[in-house]
Each structure stands twice: as C-alpha cells, then as structure tokens.
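Chemist: Below you'll find structure-v6.cif; it's mmCIF, N, CA and C atoms.
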```
data_model
loop_
_atom_site.label_atom_id
_atom_site.label_comp_id
_atom_site.auth_asym_id
_atom_site.auth_seq_id
_atom_site.Cartn_x
_atom_site.Cartn_y
_atom_site.Cartn_z
N LYS A 1 -26.69 -43.46 32.65
CA LYS A 1 -25.61 -43.18 31.72
C LYS A 1 -24.26 -43.48 32.35
N ASP A 2 -24.15 -43.28 33.65
CA ASP A 2 -22.88 -43.59 34.32
C ASP A 2 -22.56 -45.08 34.18
N LEU A 3 -23.59 -45.92 34.31
CA LEU A 3 -23.38 -47.36 34.20
C LEU A 3 -22.86 -47.72 32.81
N GLU A 4 -23.46 -47.15 31.79
CA GLU A 4 -23.01 -47.44 30.42
C GLU A 4 -21.58 -46.99 30.20
N LYS A 5 -21.22 -45.86 30.77
CA LYS A 5 -19.85 -45.35 30.64
C LYS A 5 -18.86 -46.29 31.31
N VAL A 6 -19.20 -46.73 32.52
CA VAL A 6 -18.33 -47.64 33.25
C VAL A 6 -18.22 -48.98 32.52
N LEU A 7 -19.34 -49.49 32.03
CA LEU A 7 -19.32 -50.75 31.29
C LEU A 7 -18.42 -50.65 30.06
N ALA A 8 -18.48 -49.55 29.36
CA ALA A 8 -17.63 -49.36 28.18
C ALA A 8 -16.16 -49.36 28.58
N GLN A 9 -15.84 -48.71 29.69
CA GLN A 9 -14.45 -48.67 30.17
C GLN A 9 -13.98 -50.07 30.58
N VAL A 10 -14.84 -50.81 31.25
CA VAL A 10 -14.47 -52.16 31.69
C VAL A 10 -14.29 -53.07 30.48
N ARG A 11 -15.20 -52.98 29.52
CA ARG A 11 -15.07 -53.80 28.30
C ARG A 11 -13.76 -53.50 27.58
N ALA A 12 -13.40 -52.24 27.50
CA ALA A 12 -12.15 -51.86 26.84
C ALA A 12 -10.95 -52.44 27.58
N ALA A 13 -10.98 -52.37 28.90
CA ALA A 13 -9.87 -52.91 29.69
C ALA A 13 -9.80 -54.43 29.56
N LEU A 14 -10.95 -55.10 29.59
CA LEU A 14 -10.97 -56.56 29.50
C LEU A 14 -10.57 -57.06 28.12
N SER A 15 -10.77 -56.26 27.10
CA SER A 15 -10.42 -56.69 25.75
C SER A 15 -8.92 -56.92 25.61
N LYS A 16 -8.15 -56.38 26.52
CA LYS A 16 -6.69 -56.54 26.50
C LYS A 16 -6.24 -57.79 27.26
N HIS A 17 -7.18 -58.49 27.86
CA HIS A 17 -6.86 -59.67 28.67
C HIS A 17 -7.60 -60.89 28.12
N PRO A 18 -6.95 -61.67 27.26
CA PRO A 18 -7.63 -62.79 26.61
C PRO A 18 -8.16 -63.86 27.58
N ALA A 19 -7.61 -63.95 28.77
CA ALA A 19 -8.06 -64.96 29.73
C ALA A 19 -9.22 -64.47 30.60
N ALA A 20 -9.65 -63.24 30.40
CA ALA A 20 -10.74 -62.68 31.22
C ALA A 20 -12.04 -63.42 30.94
N PHE A 21 -12.91 -63.50 31.96
CA PHE A 21 -14.22 -64.11 31.78
C PHE A 21 -14.96 -63.33 30.69
N PRO A 22 -15.63 -64.02 29.77
CA PRO A 22 -16.19 -63.35 28.59
C PRO A 22 -17.40 -62.45 28.83
N GLU A 23 -17.98 -62.48 30.00
CA GLU A 23 -19.13 -61.59 30.23
C GLU A 23 -18.95 -60.82 31.53
N ILE A 24 -19.52 -59.64 31.57
CA ILE A 24 -19.49 -58.82 32.77
C ILE A 24 -20.71 -59.17 33.61
N VAL A 25 -20.50 -59.44 34.88
CA VAL A 25 -21.60 -59.77 35.78
C VAL A 25 -21.80 -58.59 36.72
N LEU A 26 -22.93 -57.92 36.57
CA LEU A 26 -23.22 -56.76 37.41
C LEU A 26 -23.70 -57.23 38.78
N THR A 27 -23.09 -56.68 39.82
CA THR A 27 -23.48 -57.02 41.19
C THR A 27 -23.56 -55.74 42.03
N SER A 28 -24.25 -55.85 43.14
CA SER A 28 -24.34 -54.74 44.08
C SER A 28 -24.16 -55.27 45.49
N SER A 29 -23.17 -54.76 46.18
CA SER A 29 -22.98 -55.17 47.58
C SER A 29 -24.03 -54.52 48.48
N GLU A 30 -24.64 -53.45 48.02
CA GLU A 30 -25.65 -52.75 48.82
C GLU A 30 -27.00 -53.45 48.77
N THR A 31 -27.43 -53.84 47.56
CA THR A 31 -28.76 -54.43 47.41
C THR A 31 -28.72 -55.94 47.24
N GLY A 32 -27.55 -56.49 46.93
CA GLY A 32 -27.43 -57.92 46.70
C GLY A 32 -27.78 -58.34 45.29
N ASP A 33 -28.13 -57.38 44.46
CA ASP A 33 -28.47 -57.70 43.07
C ASP A 33 -27.29 -58.38 42.38
N GLY A 34 -27.60 -59.45 41.65
CA GLY A 34 -26.60 -60.13 40.86
C GLY A 34 -25.73 -61.12 41.61
N ILE A 35 -25.83 -61.17 42.92
CA ILE A 35 -24.98 -62.06 43.71
C ILE A 35 -25.31 -63.53 43.42
N ASP A 36 -26.59 -63.86 43.34
CA ASP A 36 -26.97 -65.25 43.03
C ASP A 36 -26.46 -65.66 41.66
N THR A 37 -26.54 -64.76 40.70
CA THR A 37 -26.03 -65.04 39.36
C THR A 37 -24.53 -65.27 39.40
N LEU A 38 -23.82 -64.41 40.10
CA LEU A 38 -22.37 -64.55 40.21
C LEU A 38 -22.00 -65.87 40.87
N ARG A 39 -22.69 -66.23 41.92
CA ARG A 39 -22.42 -67.51 42.61
C ARG A 39 -22.65 -68.69 41.67
N ALA A 40 -23.72 -68.63 40.89
CA ALA A 40 -24.01 -69.72 39.95
C ALA A 40 -22.92 -69.84 38.90
N ILE A 41 -22.45 -68.72 38.40
CA ILE A 41 -21.38 -68.74 37.40
C ILE A 41 -20.10 -69.31 38.00
N ILE A 42 -19.77 -68.88 39.20
CA ILE A 42 -18.56 -69.39 39.87
C ILE A 42 -18.67 -70.89 40.10
N ALA A 43 -19.86 -71.37 40.46
CA ALA A 43 -20.06 -72.80 40.71
C ALA A 43 -19.80 -73.62 39.45
N THR A 44 -20.12 -73.06 38.29
CA THR A 44 -19.89 -73.81 37.05
C THR A 44 -18.41 -73.87 36.69
N LEU A 45 -17.62 -72.97 37.24
CA LEU A 45 -16.19 -72.93 36.94
C LEU A 45 -15.38 -73.85 37.85
N ALA A 46 -15.97 -74.22 38.97
CA ALA A 46 -15.23 -75.03 39.95
C ALA A 46 -15.15 -76.49 39.55
#
```
Output the file's structure as structure tokens, nothing else.

Modeler:
Amino acid sequence: KDLEKVLAQVRAALSKHPAAFPEIVLTSSETGDGIDTLRAIIATLA
C-alpha cells in the first residue's frame, strides 16, 4: 500500500510538468530491479 500511495503522489506531481517522461519506471538500488528497463528506456532517448 505504501508503493501505491507514493505512486499516486508522484503521478500528481508529474501531472504538473508537461515535459515529464510519460511513464514511471520503478527501480531499486538495493536489488537492482528495474535498472535494465531504465537503461533501455534511456538508450531510446539518446
């Protein structure tokens, strides 16, 4: 439930920034989850 609460807060904050990336990419510096996905997304932007 904490994750859903944080995601809702982040979505609300991002809705005020039209240039923000359109999707939230969940990552974890502890487990490495989502890092490969984030790298792939960044590579498509370069």

Chemist: Could you go through chain A and tell me which residues DSSP, when run on the backbone, assigns to alpha helix (DSSP H), listing them as a PyMOL selection string?

Modeler: chain A and resi 2-14+35-45

Chemist: I'd like the neighbourhood of Arg11 (chain A) as a list in words, where a residue qualifies if any of its atoms comes within 12 Å (using only C-alpha atoms), though same-chain residues fewer than 6 positions away should be ignored.

Modeler: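 The neighbour list is Glu4, Lys5, His17, Pro18, Ala20, Phe21, Pro22, Glu23, Ile24 and Val25 of chain A.
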
Chemist: Distance atom N of Asp2 (chain A)-CA of Leu26 (chain A), one decimal place?

Modeler: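 These atoms are spaced 14.0 Å apart.
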
Chemist: Could you tell me how far CA of Ala46 (chain A) sits from atom C of Val10 (chain A), in Å to one decimal place?

Modeler: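 These two atoms are separated by 23.9 Å.
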
Chemist: Please report the interatomic distance between CA of Ala13 (chain A) and CA of Ser28 (chain A) in Å with one decimal.

Modeler: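 So the answer is 20.5 Å.
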